[in-house]
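For reference, the structure is listed below as structure tokens.
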Amino acid sequence: MDLSTRERRPSIKEEEPLSFVQSSEEPPQIVSDLTKEIEKLSAELQELNEEYVSLKKEFAAYCHWPIASNFFRKCQNSDKWMRVYTRMQTAKSFEIQNKAIQSGVVEHNNSKLCKRQQFFFTLVKLTHNPTDLDLAFRFNINESTVSRYFHSWVNCLYYKLNERVIIWLLISELKVAMPMCFRRHYPNTVSILHCFETQIQIPIDRNDQAATYSNYKSRNTVKYLISATPNGTINFISKGYAGRKSGQFIVRNSGYIDKLKPGDWVLADKGFEVAEEIGLRGAKLITRFKTATQLTQLETEISRNVSNVRIHIEREIGCMSMKFDIMCGPVIMSNLNTFEDNVCFYDKIVAVCCIISNLNPSIIPLE
């Protein structure tokens with residue numbers, strides 16, 4: 001065998017050095033970038049550790065916070081009593097909503113009720129509107145503390161959730177979950193309009209008495225314009241107006257018309273004579289026919305269809321009045337005073353009731 005013909009393999013010393021062996025040290029720029037990245041990650045880790053320690057302390061305090069009310073202790077894990085006293089469908093729904101909003105309320109060390117109990121307390125007040133003395137007895141707190149808790153939480157719910165829950169959706173978004181009764185006859189409907197009134201205390205000033213007197217209710221009231229989507233979600237609630245104001249006046253001055261887009265349809269009762277204003281936005285107002293003469297067969301059919309779908313918003317308002325006794329009145333005059341944000345406290349209460357209603361399942365079936 002001739003070994004001289006074999007291909008001579010290079011020795012290890014003769015082989016070319018590997019690429020990572022070629023440079024004995026990294027370029028200075030890469031080292032500098034890696035150092036900065038390590039410092040950045042170290043800072044983020046430190047922040048996360050601090051947040052973890054803070055949350056751990058908060059959780060420990062929450063677990064050991066005494067439940068001052070036997071009333072809350074009996075309701076906190078019961079779906080049945082949560083539905084009765086808060087209108088939340090389950091105890092888990094209550095916990096989810098509480099976790100989402102509690103960061104907006106400042107908790108004082110001397111507070112007898114923790115945030116969770118305060119939120120429950122607020123829902124009970126909205127739902128059943130018991131007297132301050134009754135709530136003070138149920139939650140074992142001072143009567144003066146009741147008003148402070150309630151005002152703090154209503155303000156928190158209003159400012160944190162109003163623009164996130166009461167939102168105006170486009171027609172393309174509404175059609176995804178539009179009930180069949182609207183798809184058949186009014187597929188471009190974005191809003192169903194309605195006005196409702198709440199009784200107030202009789203004002204002392206005679207001019208205020210005249211301005212708030214409602215001929216429809218035969219009492220002094222505050223009036224609101226409310227709008228709902230075809231699936232029953234409230235997408236607009238106006239501020240309160242004196243009960244003597246007409247529905248047309250509120251539509252024109254509440255900012256409702258500014259939300260309409262070309263091609264939108266609005267369903268309303270025949271008392272809303274705002275077709276011209278809505279038409280200027282490129283939208284269309286659909287109402288029942290209003291005439292002293294007998295309607296034709298076509299007009300009768302159209303009026304019947306409008307009534308059949310408009311009944312949904314009336315059901316929604318009726319359910320809200322049944323769910324939230326605080327919306328039935330009478331409203332004390334101090335809650336109607338307007339402050340620097342141009343929103344009176346009762347306007348915030350009505351908006352919060354609409355928010356909670358939107359967070360619950362709709363009463364309108366899809367089919």
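Here's how to read the names in the structure tokens: chain A, B, ... by the order shown, residue numbers from 1 in each chain, ligand numbers from 1 in the order shown.
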May I have all residues of stretch 213-361 of chain A that DSSP, computed from the backbone, assigns to alpha helix (DSSP H), given as a ChimeraX atom specification? /A:247-253,275-279,297-323,345-359
Skip A:Phe324 itself and residues of its chain fewer than 6 positions away, then list as a list in words all residues within 7 Å of it, counting only C-alpha atoms.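 Near neighbours after the sequence-gap exclusion: Leu126, Thr127 and His128 of chain A.
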Among the residues of stretch 86-271 of chain A, find those DSSP assigns to strand (DSSP E or B) from the backbone and print them as a ChimeraX atom specification. /A:189-200,213-214,219-228,234-237,241-242,265-267
Store the residues picked out above, limited to N, CA, C and O atoms, as a short mmCIF file (atom, residue, chain, number, x, y, z; two decimals), in the first residue's frame.
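Full text of part05.cif as output:
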data_model
loop_
_atom_site.label_atom_id
_atom_site.label_comp_id
_atom_site.auth_asym_id
_atom_site.auth_seq_id
_atom_site.Cartn_x
_atom_site.Cartn_y
_atom_site.Cartn_z
N THR A 189 -79.64 51.45 12.41
CA THR A 189 -79.96 52.15 13.65
C THR A 189 -78.75 52.17 14.58
O THR A 189 -78.16 51.14 14.88
N VAL A 190 -78.40 53.37 15.04
CA VAL A 190 -77.31 53.52 16.01
C VAL A 190 -77.82 54.01 17.36
O VAL A 190 -77.11 53.94 18.36
N SER A 191 -79.08 54.50 17.38
CA SER A 191 -79.56 55.11 18.62
C SER A 191 -81.08 55.04 18.70
O SER A 191 -81.77 55.23 17.69
N ILE A 192 -81.56 54.76 19.90
CA ILE A 192 -82.99 54.84 20.20
C ILE A 192 -83.14 55.88 21.30
O ILE A 192 -82.59 55.72 22.40
N LEU A 193 -83.86 56.94 21.03
CA LEU A 193 -83.95 58.08 21.94
C LEU A 193 -85.14 57.97 22.88
O LEU A 193 -86.20 57.45 22.53
N HIS A 194 -84.93 58.50 24.08
CA HIS A 194 -86.01 58.54 25.06
C HIS A 194 -85.66 59.58 26.12
O HIS A 194 -84.48 59.83 26.39
N CYS A 195 -86.66 60.20 26.69
CA CYS A 195 -86.48 61.11 27.82
C CYS A 195 -87.16 60.52 29.05
O CYS A 195 -88.24 59.93 28.95
N PHE A 196 -86.51 60.66 30.20
CA PHE A 196 -87.14 60.24 31.45
C PHE A 196 -86.99 61.34 32.49
O PHE A 196 -86.05 62.15 32.41
N GLU A 197 -87.90 61.35 33.45
CA GLU A 197 -87.92 62.40 34.46
C GLU A 197 -87.88 61.79 35.85
O GLU A 197 -88.43 60.71 36.09
N THR A 198 -87.23 62.49 36.76
CA THR A 198 -87.14 62.08 38.15
C THR A 198 -87.65 63.21 39.03
O THR A 198 -87.28 64.37 38.84
N GLN A 199 -88.49 62.86 39.97
CA GLN A 199 -89.06 63.87 40.86
C GLN A 199 -87.98 64.49 41.75
O GLN A 199 -87.07 63.80 42.21
N ILE A 200 -88.10 65.80 41.99
CA ILE A 200 -87.18 66.51 42.88
C ILE A 200 -87.98 67.18 43.98
O ILE A 200 -89.21 67.30 43.91
N TYR A 213 -91.35 72.51 36.85
CA TYR A 213 -92.65 71.84 36.89
C TYR A 213 -92.93 71.16 35.56
O TYR A 213 -92.87 71.77 34.49
N SER A 214 -93.23 69.87 35.62
CA SER A 214 -93.51 69.08 34.43
C SER A 214 -95.01 68.85 34.29
O SER A 214 -95.64 68.30 35.19
N ARG A 219 -95.60 67.40 38.54
CA ARG A 219 -94.74 67.61 39.71
C ARG A 219 -93.43 68.24 39.24
O ARG A 219 -93.18 68.34 38.05
N ASN A 220 -92.61 68.64 40.19
CA ASN A 220 -91.31 69.20 39.86
C ASN A 220 -90.32 68.07 39.57
O ASN A 220 -90.18 67.15 40.38
N THR A 221 -89.66 68.18 38.42
CA THR A 221 -88.79 67.07 38.00
C THR A 221 -87.49 67.60 37.39
O THR A 221 -87.39 68.79 37.04
N VAL A 222 -86.54 66.71 37.24
CA VAL A 222 -85.34 66.93 36.43
C VAL A 222 -85.41 65.92 35.29
O VAL A 222 -85.78 64.77 35.48
N LYS A 223 -85.09 66.39 34.07
CA LYS A 223 -85.29 65.57 32.86
C LYS A 223 -83.96 65.22 32.23
O LYS A 223 -83.05 66.06 32.16
N TYR A 224 -83.85 63.96 31.74
CA TYR A 224 -82.63 63.48 31.10
C TYR A 224 -82.97 62.90 29.73
O TYR A 224 -84.02 62.28 29.55
N LEU A 225 -82.05 63.09 28.80
CA LEU A 225 -82.12 62.43 27.50
C LEU A 225 -81.20 61.23 27.53
O LEU A 225 -80.03 61.35 27.88
N ILE A 226 -81.73 60.08 27.17
CA ILE A 226 -80.94 58.85 27.18
C ILE A 226 -81.05 58.19 25.82
O ILE A 226 -82.09 58.26 25.15
N SER A 227 -79.96 57.58 25.40
CA SER A 227 -79.92 56.88 24.12
C SER A 227 -79.35 55.49 24.33
O SER A 227 -78.41 55.31 25.11
N ALA A 228 -79.93 54.52 23.64
CA ALA A 228 -79.46 53.14 23.73
C ALA A 228 -79.24 52.58 22.34
O ALA A 228 -79.88 53.00 21.37
N ILE A 234 -76.47 51.41 26.78
CA ILE A 234 -76.64 52.86 26.84
C ILE A 234 -75.39 53.52 26.26
O ILE A 234 -74.28 53.27 26.73
N ASN A 235 -75.57 54.35 25.23
CA ASN A 235 -74.42 55.00 24.59
C ASN A 235 -74.42 56.51 24.74
O ASN A 235 -73.50 57.18 24.26
N PHE A 236 -75.43 57.06 25.42
CA PHE A 236 -75.44 58.51 25.68
C PHE A 236 -76.40 58.79 26.83
O PHE A 236 -77.50 58.24 26.88
N ILE A 237 -75.96 59.66 27.73
CA ILE A 237 -76.83 60.17 28.80
C ILE A 237 -76.50 61.65 28.96
O ILE A 237 -75.33 62.03 29.09
N TYR A 241 -81.83 68.47 32.95
CA TYR A 241 -82.46 69.74 32.57
C TYR A 241 -83.73 69.92 33.39
O TYR A 241 -84.32 68.96 33.89
N ALA A 242 -84.15 71.17 33.51
CA ALA A 242 -85.39 71.46 34.23
C ALA A 242 -86.55 70.73 33.56
O ALA A 242 -86.62 70.60 32.33
N TRP A 265 -79.18 55.99 11.48
CA TRP A 265 -80.62 56.08 11.71
C TRP A 265 -80.87 56.23 13.20
O TRP A 265 -80.21 55.59 14.02
N VAL A 266 -81.85 57.09 13.53
CA VAL A 266 -82.23 57.32 14.92
C VAL A 266 -83.72 57.04 15.06
O VAL A 266 -84.54 57.59 14.31
N LEU A 267 -84.08 56.20 16.02
CA LEU A 267 -85.48 55.91 16.30
C LEU A 267 -85.92 56.72 17.52
O LEU A 267 -85.20 56.79 18.52
#
Would you kindly return, as a ChimeraX atom specification, each protein, DNA or RNA residue with an atom no farther than 8 Å from any atom of stretch 272-287 of chain A, considering only C-alpha atoms and excluding same-chain residues fewer than 5 positions away? /A:247-248,251-252,257-258,260-267,303,306
